[in-house]
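**Student:** Below is final_20.txt; it holds compact mmCIF, C-alpha atoms.
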# COMPACT_ATOMS: atom_id res chain seq x y z
CA MET A 41 8.62 2.08 -13.27
CA LYS A 42 7.40 0.95 -9.86
CA GLN A 43 6.35 3.31 -7.08
CA LYS A 44 9.36 4.61 -5.17
CA LEU A 45 9.68 4.47 -1.39
CA PHE A 46 9.29 7.90 0.25
CA LEU A 47 12.65 7.48 2.01
CA ASP A 48 14.43 7.28 -1.34
CA ILE A 49 14.33 11.08 -1.35
CA GLY A 50 17.08 10.96 1.24
CA ILE A 51 16.92 11.33 5.00
CA ASP A 52 19.02 14.49 4.86
CA LYS A 53 16.31 16.17 2.78
CA ILE A 54 13.20 15.05 4.61
CA ASP A 55 13.88 14.33 8.27
CA SER A 56 13.76 17.81 9.79
CA LYS A 57 11.32 19.51 7.44
CA TYR A 58 8.75 16.82 6.77
CA LYS A 59 8.86 14.58 9.83
CA VAL A 60 5.75 14.88 12.02
CA ASP A 61 6.26 12.09 14.53
CA GLU A 62 8.24 8.94 15.20
CA LYS A 63 7.60 5.75 17.15
CA LYS A 64 10.45 3.36 17.85
CA ASN A 65 10.90 0.09 19.73
CA SER A 66 12.96 -3.09 19.47
CA THR A 67 10.80 -4.43 16.61
CA PHE A 68 10.27 -1.47 14.27
CA LYS A 69 10.52 2.26 13.71
CA THR A 70 7.53 4.14 12.29
CA THR A 71 7.99 7.67 11.00
CA HIS A 72 5.15 9.95 9.95
CA TYR A 73 5.98 12.43 7.18
CA ALA A 74 3.67 15.11 5.75
CA VAL A 75 3.95 16.89 2.42
CA LEU A 76 2.10 20.21 2.11
CA LYS A 77 1.11 22.16 -0.99
CA GLU A 78 3.93 24.64 -0.48
CA THR A 79 6.56 21.88 -0.20
CA LYS A 80 5.28 19.52 -2.89
CA LYS A 81 7.58 20.78 -5.65
CA GLU A 82 10.68 20.60 -3.46
CA ILE A 83 10.67 16.82 -3.17
CA LYS A 84 8.37 15.86 -6.05
CA LYS A 85 5.92 13.97 -3.88
CA GLU A 86 2.14 14.32 -3.74
CA VAL A 87 0.48 16.25 -0.93
CA GLY A 88 -0.54 13.97 1.92
CA ASP A 89 0.61 11.84 4.84
CA TYR A 90 3.24 9.13 4.55
CA PHE A 91 3.89 6.53 7.24
CA VAL A 92 7.03 4.40 6.85
CA THR A 93 7.54 1.43 9.18
CA GLN A 94 11.06 0.01 9.06
CA PHE A 95 12.00 -3.41 10.42
CA SER A 96 14.72 -6.03 10.26
CA TYR A 97 14.42 -9.37 8.49
CA GLU A 98 14.56 -11.09 11.89
CA SER A 99 11.70 -8.95 13.23
CA LEU A 100 9.64 -9.70 10.15
CA LEU A 101 9.93 -13.43 10.80
CA ILE A 102 9.47 -13.55 14.58
CA LYS A 103 7.52 -10.37 15.41
CA GLN A 104 4.64 -10.60 12.96
CA ASN A 105 1.99 -9.86 15.60
CA SER A 106 3.70 -6.63 16.61
CA LEU A 107 4.02 -5.50 13.01
CA THR A 108 0.39 -6.41 12.32
CA LYS A 109 -0.78 -4.30 15.26
CA GLU A 110 1.35 -1.39 14.07
CA ILE A 111 -0.09 -1.50 10.54
CA GLU A 112 -3.57 -1.65 12.11
CA ARG A 113 -2.76 1.40 14.22
CA ILE A 114 -1.64 3.40 11.19
CA LEU A 115 -4.67 2.41 9.11
CA LYS A 116 -7.01 3.37 11.95
CA MET A 117 -5.36 6.79 12.13
CA PHE A 118 -6.22 7.34 8.49
CA LEU A 119 -9.73 5.94 8.89
CA LYS A 120 -10.52 8.50 11.59
CA LYS A 121 -10.48 11.14 8.83
CA TYR A 122 -13.48 9.61 7.08
CA THR A 123 -16.99 9.80 8.48
CA LYS A 124 -18.54 7.14 6.25
CA VAL A 125 -16.73 3.89 5.43
CA ASN A 126 -19.33 1.22 4.78
CA LYS A 127 -18.13 -0.09 1.44
CA ILE A 128 -14.44 -0.72 0.75
CA LEU A 129 -12.72 -1.72 -2.48
CA VAL A 130 -9.32 -3.37 -2.12
CA ILE A 131 -7.25 -3.41 -5.30
CA GLY A 132 -4.27 -5.74 -5.52
CA LEU A 133 -1.93 -4.57 -8.25
CA GLY A 134 0.80 -6.53 -9.95
CA ASN A 135 1.64 -9.86 -11.51
CA LYS A 136 1.55 -12.97 -9.33
CA ASN A 137 4.05 -14.72 -11.59
CA VAL A 138 6.76 -12.08 -11.07
CA ASP A 139 8.22 -12.20 -7.56
CA GLY A 140 9.03 -8.50 -7.29
CA ASP A 141 5.54 -7.53 -8.45
CA ALA A 142 3.37 -10.07 -6.64
CA LEU A 143 2.56 -8.41 -3.30
CA GLY A 144 -0.81 -6.90 -4.25
CA VAL A 145 -2.27 -10.04 -5.77
CA ILE A 146 -1.02 -12.37 -3.02
CA THR A 147 -2.37 -10.05 -0.32
CA THR A 148 -5.87 -9.84 -1.79
CA ASP A 149 -5.93 -13.65 -1.92
CA LYS A 150 -5.70 -13.57 1.89
CA LEU A 151 -8.41 -10.97 2.46
CA ILE A 152 -12.02 -11.74 3.29
CA ALA A 153 -14.66 -10.43 0.86
CA THR A 154 -18.01 -9.49 2.39
CA ASN A 155 -19.66 -7.44 -0.35
CA GLN A 156 -21.69 -10.47 -1.43
CA TYR A 157 -23.47 -10.73 1.93
CA HIS A 158 -26.68 -8.76 2.43
CA ASP A 159 -27.96 -10.11 5.74
CA PHE A 160 -25.24 -8.66 7.97
CA LEU A 161 -26.12 -4.99 8.15
CA THR A 162 -23.34 -4.05 10.61
CA LEU A 163 -20.57 -5.73 8.63
CA PRO A 164 -18.63 -3.43 6.27
CA LYS A 165 -18.89 -4.42 2.63
CA ILE A 166 -15.45 -5.37 1.31
CA ALA A 167 -14.90 -6.10 -2.37
CA LEU A 168 -11.61 -7.38 -3.81
CA PHE A 169 -10.23 -6.75 -7.29
CA THR A 170 -6.99 -7.81 -8.98
CA PRO A 171 -6.79 -6.30 -12.48
CA SER A 172 -3.45 -8.00 -13.25
CA VAL A 173 -1.23 -6.24 -15.80
CA THR A 174 -2.04 -5.06 -19.29
CA GLU A 175 0.59 -7.36 -20.77
CA LYS A 176 -1.39 -10.37 -19.51
CA THR A 177 -4.95 -9.21 -20.21
CA GLY A 178 -4.62 -6.96 -23.25
CA ILE A 179 -6.88 -4.48 -21.46
CA ASN A 180 -5.77 -1.22 -19.91
CA SER A 181 -5.77 -1.90 -16.17
CA PHE A 182 -6.85 1.61 -15.26
CA LYS A 183 -9.98 1.19 -17.41
CA LEU A 184 -10.84 -2.01 -15.54
CA ILE A 185 -10.39 -0.29 -12.20
CA GLU A 186 -12.46 2.68 -13.37
CA MET A 187 -15.33 0.39 -14.36
CA VAL A 188 -15.29 -1.42 -11.00
CA VAL A 189 -15.15 1.85 -9.04
CA ASN A 190 -18.01 3.38 -11.03
CA ASP A 191 -20.16 0.27 -10.58
CA LEU A 192 -19.35 -0.43 -6.92
CA LYS A 193 -19.21 3.19 -5.71
CA PRO A 194 -17.03 2.45 -2.65
CA ASP A 195 -16.50 4.86 0.23
CA LEU A 196 -12.80 3.99 0.41
CA ILE A 197 -10.18 2.39 -1.84
CA PHE A 198 -7.16 0.44 -0.64
CA ILE A 199 -4.38 -0.12 -3.17
CA ILE A 200 -1.75 -2.74 -2.39
CA ASP A 201 1.34 -2.89 -4.58
CA SER A 202 5.02 -3.76 -4.60
CA MET A 203 7.44 -0.85 -4.51
CA ALA A 204 11.01 -0.16 -5.63
CA THR A 205 13.89 1.40 -3.76
CA LYS A 206 17.32 2.67 -4.71
CA SER A 207 18.80 1.73 -1.33
CA GLU A 208 19.69 -1.76 -0.14
CA ASN A 209 18.92 -0.55 3.40
CA TYR A 210 15.18 -0.44 2.63
CA LEU A 211 14.85 -3.51 0.42
CA ASN A 212 12.38 -5.99 2.00
CA SER A 213 12.45 -4.01 5.23
CA ALA A 214 9.70 -1.37 5.19
CA PHE A 215 5.99 -0.80 4.87
CA GLU A 216 4.78 2.48 3.41
CA ILE A 217 1.19 3.66 3.86
CA ASN A 218 0.00 6.96 2.39
CA ASP A 219 -3.19 8.71 1.32
CA THR A 220 -1.81 10.19 -1.90
CA GLY A 221 -2.85 7.37 -4.21
CA ILE A 222 -0.65 5.83 -6.88
CA VAL A 223 0.86 7.44 -9.92
CA PRO A 224 0.72 4.48 -12.28
CA GLY A 225 3.89 2.73 -13.31
CA SER A 226 4.45 -0.52 -15.12
CA ALA A 227 1.62 -2.19 -13.22
CA LEU A 228 -1.02 -0.06 -14.94
CA ASN A 229 0.62 1.09 -18.15
CA SER A 230 -1.40 4.29 -17.96
CA SER A 231 -0.77 7.96 -17.43
CA LYS A 232 -3.76 8.27 -15.09
CA GLU A 233 -3.39 8.05 -11.35
CA ILE A 234 -5.58 6.26 -8.85
CA SER A 235 -6.24 8.87 -6.20
CA LYS A 236 -8.90 10.92 -4.46
CA LYS A 237 -8.39 13.51 -7.19
CA THR A 238 -9.34 10.98 -9.86
CA PHE A 239 -12.33 9.26 -8.26
CA GLN A 240 -13.39 11.71 -5.51
CA ILE A 241 -12.97 8.81 -3.07
CA PRO A 242 -10.30 8.48 -0.35
CA VAL A 243 -7.45 6.22 -1.45
CA LEU A 244 -4.98 4.53 0.89
CA SER A 245 -1.89 2.92 -0.62
CA ILE A 246 0.09 0.16 1.07
CA GLY A 247 3.43 -0.99 -0.30
CA VAL A 248 6.64 -2.85 0.46
CA PRO A 249 9.91 -2.26 -1.43
CA LEU A 250 10.60 -5.65 -3.01
CA CYS A 251 12.82 -4.47 -5.87
CA LEU A 252 16.19 -2.76 -5.79
CA GLU A 253 16.65 -0.34 -8.69
CA GLN A 254 20.19 0.22 -9.92
CA ASN A 255 21.20 1.56 -13.33
CA LYS A 256 17.65 1.17 -14.64
CA LYS A 257 17.60 -2.52 -13.72
CA PHE A 258 15.58 -4.16 -10.97
CA TYR A 259 16.90 -6.80 -8.57
CA THR A 260 15.33 -8.88 -5.81
CA SER A 261 16.86 -10.83 -2.93
CA VAL A 262 17.07 -14.53 -2.16
CA PHE A 263 14.64 -13.97 0.72
CA ILE A 264 11.88 -12.48 -1.43
CA HIS A 265 9.46 -15.42 -1.14
CA GLU A 266 9.52 -15.38 2.66
CA VAL A 267 9.21 -11.59 2.65
CA ILE A 268 6.21 -11.56 0.31
CA GLU A 269 4.47 -14.35 2.21
CA THR A 270 4.96 -12.66 5.57
CA CYS A 271 4.29 -9.07 4.47
CA SER A 272 1.13 -10.07 2.61
CA SER A 273 -0.14 -11.85 5.72
CA ILE A 274 0.61 -8.83 7.91
CA ILE A 275 -1.26 -6.46 5.58
CA ALA A 276 -4.19 -8.85 5.07
CA ASN A 277 -4.53 -9.61 8.78
CA SER A 278 -4.46 -5.90 9.61
CA ILE A 279 -7.32 -5.13 7.22
CA ASN A 280 -9.31 -8.23 8.20
CA ASN A 281 -8.90 -7.41 11.90
CA ILE A 282 -10.16 -3.86 11.45
CA PHE A 283 -13.21 -4.58 9.31
CA ILE A 284 -14.14 -8.19 10.05
CA LYS A 285 -13.14 -9.00 13.63
CA HIS A 286 -13.74 -5.50 14.96
CA PRO A 287 -16.30 -3.84 12.65
Represent the supplied structure as structure tokens.

**Tutor:**
Amino acid sequence: MKQKLFLDIGIDKIDSKYKVDEKKNSTFKTTHYAVLKETKKEIKKEVGDYFVTQFSYESLLIKQNSLTKEIERILKMFLKKYTKVNKILVIGLGNKNVDGDALGVITTDKLIATNQYHDFLTLPKIALFTPSVTEKTGINSFKLIEMVVNDLKPDLIFIIDSMATKSENYLNSAFEINDTGIVPGSALNSSKEISKKTFQIPVLSIGVPLCLEQNKKFYTSVFIHEVIETCSSIIANSINNIFIKHP
């Protein structure tokens, strides 16, 4: 099972109790939700902050710069929590050959790796890793990630992955960013989660709902290729802008 969009819980259950803030304009609407320890069991979501940016297909195609700046803004809000972020590991989950599962891999292909450079002392070290899926490698993906994390010892982990939604209203039309990590689904084939709890390192997850789940089956739309191409560019440009252009 893929990660589910936070909004799938239902607006009627989350809006008043969990909503912290909202920003809205003609291009997008970003809502900040927070889950506390005392409310975790009520909605079966991990404790942490969830930012959901909703947009139309038209906005995605013609307002990419605005969406990129908004994703940058959200990421910077999270980054303010951490005092030391000199080495970053970006993990792109999924299978490039499956449209509904390709976001993570395609996004990391567009990111700039800097971990190999040793002469630029002010430039953050960014390492990229795409473990693929166990079905393709024959190796448990979590084990591969664990080995990379233990060897690299990053200060921060980004995880980029496709998501699923039960509502057509959110399909291909939202970014979700949270600091709760990922409870592995089909992409990892493992019961272990990638989170701060697991590695004692902050983990930021970025996802887009590219699959519609109905009756235990997953569907995509005819626009999925354009959506993946554009969303992956927005995410990659946001991260590159923060750490490369404006270190």

**Student:** Residues near segment 155-158 of chain A, anyone? I mean within 6 Å using only C-alpha atoms, not counting same-chain ones fewer than 4 positions away, as a list in words.

**Tutor:**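 That gives Lys165, Ile166 and Ala167 of chain A.
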
**Student:** Just need the box for segment 88-95 of chain A, edges along x, y and z, holding every atom the file lists for it with 6 Å tacked onto each side, so centre and edge lengths in Å to one decimal, as lines of an AutoDock Vina configuration file.

**Tutor:**
center_x = 5.7
center_y = 5.3
center_z = 6.2
size_x = 24.5
size_y = 29.4
size_z = 20.5

**Student:** Could you work out how far atom CA of Thr147 of chain A lies from atom CA of Cys271 of chain A, giving the answer in Å with one decimal?

**Tutor:**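 Atom CA of Cys271 of chain A sits 8.3 Å away from atom CA of Thr147 of chain A.
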
**Student:** Could you state the separation of atom CA of Val243 of chain A and atom CA of Gly221 of chain A in Å, given to one decimal place?

**Tutor:**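 Between atom CA of Val243 of chain A and atom CA of Gly221 of chain A the gap is 5.5 Å.
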
**Student:** Which of these, A:Asn218, A:Ile275, A:Val92, A:Thr260, has the shortest distance to Leu151 of chain A once you count all atoms listed in the file?

**Tutor:**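 Closest to Leu151 of chain A, using all atoms listed in the file: A:Ile275.
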
**Student:** With only C-alpha atoms as the atoms that count, which of A:Lys85, A:His72, A:Lys176, A:Lys59 lies nearest to Phe215 of chain A?

**Tutor:**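 Distance minimum relative to Phe215 of chain A lands on A:His72.
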
**Student:** Which residues come within 6 Å of Ile246 of chain A, counting only C-alpha atoms, excluding same-chain residues fewer than 4 positions away, as a tab-separated table (two decimals) with C-alpha atoms, keeping the file's coordinate frame?

**Tutor:**
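Final file, result-v7.tsv:
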chain	number	residue	atom	x	y	z
A	200	ILE	CA	-1.75	-2.74	-2.39
A	216	GLU	CA	4.78	2.48	3.41
A	217	ILE	CA	1.19	3.66	3.86

**Student:** As an exercise, work out the distance from atom CA of Leu184 of chain A to atom CA of Leu168 of chain A in Å and give it to one decimal place.

**Tutor:**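 Atom CA of Leu184 of chain A sits 12.9 Å away from atom CA of Leu168 of chain A.
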
**Student:** Might you pull out every residue within 9 Å of Leu163 of chain A, with only C-alpha atoms counted and same-chain residues fewer than 5 positions away left off, and present them as a list in words?

**Tutor:** Asn126, Thr154, Tyr157, Phe283, Ile284 and Pro287 of chain A

**Student:** Can you write out the residues you just picked, keeping C-alpha atoms, as a PDB file, in the frame of the given file?

**Tutor:**
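As a result, again_19.pdb now contains:
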ATOM      1  CA  ASN A 126     -19.330   1.220   4.780  1.00  0.00           C
ATOM      2  CA  THR A 154     -18.010  -9.490   2.390  1.00  0.00           C
ATOM      3  CA  TYR A 157     -23.470 -10.730   1.930  1.00  0.00           C
ATOM      4  CA  PHE A 283     -13.210  -4.580   9.310  1.00  0.00           C
ATOM      5  CA  ILE A 284     -14.140  -8.190  10.050  1.00  0.00           C
ATOM      6  CA  PRO A 287     -16.300  -3.840  12.650  1.00  0.00           C
TER       7      PRO A 287
END

**Student:** Pick out the closest residue to Lys44 of chain A from this set: A:Thr205, A:Gln94, A:Thr162, A:Thr79. Count only C-alpha atoms.

**Tutor:**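 Of A:Thr205, A:Gln94, A:Thr162, A:Thr79, the one nearest Lys44 of chain A, counting only C-alpha atoms, is A:Thr205.
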
**Student:** Taking into account all atoms listed in the file, which residue in the set A:Tyr90, A:Phe95, A:Phe118, A:Phe239 is nearest to Asp61 of chain A?

**Tutor:**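 Smallest separation from Asp61 of chain A among the options: A:Tyr90.
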
**Student:** Out of A:Tyr210, A:Phe169, A:Tyr259, A:Phe68, which residue has the shortest atom-to-atom distance to Ser106 of chain A when counting all atoms listed in the file?

**Tutor:** A:Phe68

**Student:** Just want the 12 Å neighbourhood of Ser202 of chain A, counted on all atoms listed in the file, with same-chain residues fewer than 4 positions away dropped. Output as a VMD selection string.

**Tutor:** chain A and resid 41 to 45 132 to 136 138 to 147 211 to 212 214 to 217 222 225 to 227 245 to 252 260 264 267 to 268 271 to 272

**Student:** Got a sec: who's within 12 Å of Glu82 of chain A, counting all atoms listed in the file, leaving out chain neighbours fewer than 6 positions off, as a PyMOL selection string?

**Tutor:** chain A and resi 49+53-54+57-58+75-76

**Student:** Give the answer as one residue: which of A:Met203, A:Phe46, A:Ala153, A:Thr70 has the shortest atom-to-atom distance to Ile128 of chain A, using all atoms listed in the file?

**Tutor:**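 With all atoms listed in the file as the atom set, the closest residue is A:Ala153.
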
**Student:** Since the input has fewer atoms than a full residue there, write segment 71-94 of chain A out with N, CA and C atoms, as a compact mmCIF listing (two decimals), keeping the file's coordinate frame.

**Tutor:**
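Result written to out_19.txt:
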# COMPACT_ATOMS: atom_id res chain seq x y z
N THR A 71 7.85 6.22 11.12
CA THR A 71 7.99 7.67 11.00
C THR A 71 6.86 8.21 10.15
N HIS A 72 6.25 9.28 10.65
CA HIS A 72 5.15 9.95 9.95
C HIS A 72 5.71 11.20 9.27
N TYR A 73 5.57 11.25 7.96
CA TYR A 73 5.98 12.43 7.18
C TYR A 73 4.74 13.07 6.56
N ALA A 74 4.78 14.38 6.39
CA ALA A 74 3.67 15.11 5.75
C ALA A 74 4.23 16.04 4.68
N VAL A 75 3.59 15.99 3.51
CA VAL A 75 3.95 16.89 2.42
C VAL A 75 2.80 17.87 2.22
N LEU A 76 3.10 19.15 2.28
CA LEU A 76 2.10 20.21 2.11
C LEU A 76 2.16 20.78 0.70
N LYS A 77 1.16 21.57 0.36
CA LYS A 77 1.11 22.16 -0.99
C LYS A 77 2.35 22.99 -1.28
N GLU A 78 2.80 23.74 -0.27
CA GLU A 78 3.93 24.64 -0.48
C GLU A 78 5.27 23.91 -0.57
N THR A 79 5.31 22.63 -0.14
CA THR A 79 6.56 21.88 -0.20
C THR A 79 6.55 20.76 -1.23
N LYS A 80 5.43 20.61 -1.93
CA LYS A 80 5.28 19.52 -2.89
C LYS A 80 6.36 19.53 -3.97
N LYS A 81 6.64 20.70 -4.53
CA LYS A 81 7.58 20.78 -5.65
C LYS A 81 9.01 20.50 -5.21
N GLU A 82 9.31 20.77 -3.95
CA GLU A 82 10.68 20.60 -3.46
C GLU A 82 11.15 19.15 -3.53
N ILE A 83 10.26 18.22 -3.21
CA ILE A 83 10.67 16.82 -3.17
C ILE A 83 9.92 15.95 -4.18
N LYS A 84 9.08 16.57 -4.99
CA LYS A 84 8.37 15.86 -6.05
C LYS A 84 7.55 14.69 -5.52
N LYS A 85 6.85 14.95 -4.44
CA LYS A 85 5.92 13.97 -3.88
C LYS A 85 4.55 14.62 -3.74
N GLU A 86 3.50 13.80 -3.83
CA GLU A 86 2.14 14.32 -3.74
C GLU A 86 1.82 14.78 -2.33
N VAL A 87 0.91 15.74 -2.23
CA VAL A 87 0.48 16.25 -0.93
C VAL A 87 -0.24 15.15 -0.16
N GLY A 88 0.12 14.97 1.10
CA GLY A 88 -0.54 13.97 1.92
C GLY A 88 0.35 13.47 3.03
N ASP A 89 -0.11 12.43 3.72
CA ASP A 89 0.61 11.84 4.84
C ASP A 89 1.25 10.53 4.42
N TYR A 90 2.47 10.34 4.86
CA TYR A 90 3.24 9.13 4.55
C TYR A 90 3.73 8.52 5.86
N PHE A 91 3.39 7.26 6.08
CA PHE A 91 3.89 6.53 7.24
C PHE A 91 4.83 5.43 6.74
N VAL A 92 6.05 5.42 7.24
CA VAL A 92 7.03 4.40 6.85
C VAL A 92 7.43 3.62 8.10
N THR A 93 7.16 2.32 8.08
CA THR A 93 7.54 1.43 9.18
C THR A 93 8.72 0.58 8.73
N GLN A 94 9.85 0.76 9.39
CA GLN A 94 11.06 0.01 9.06
C GLN A 94 11.28 -1.11 10.06
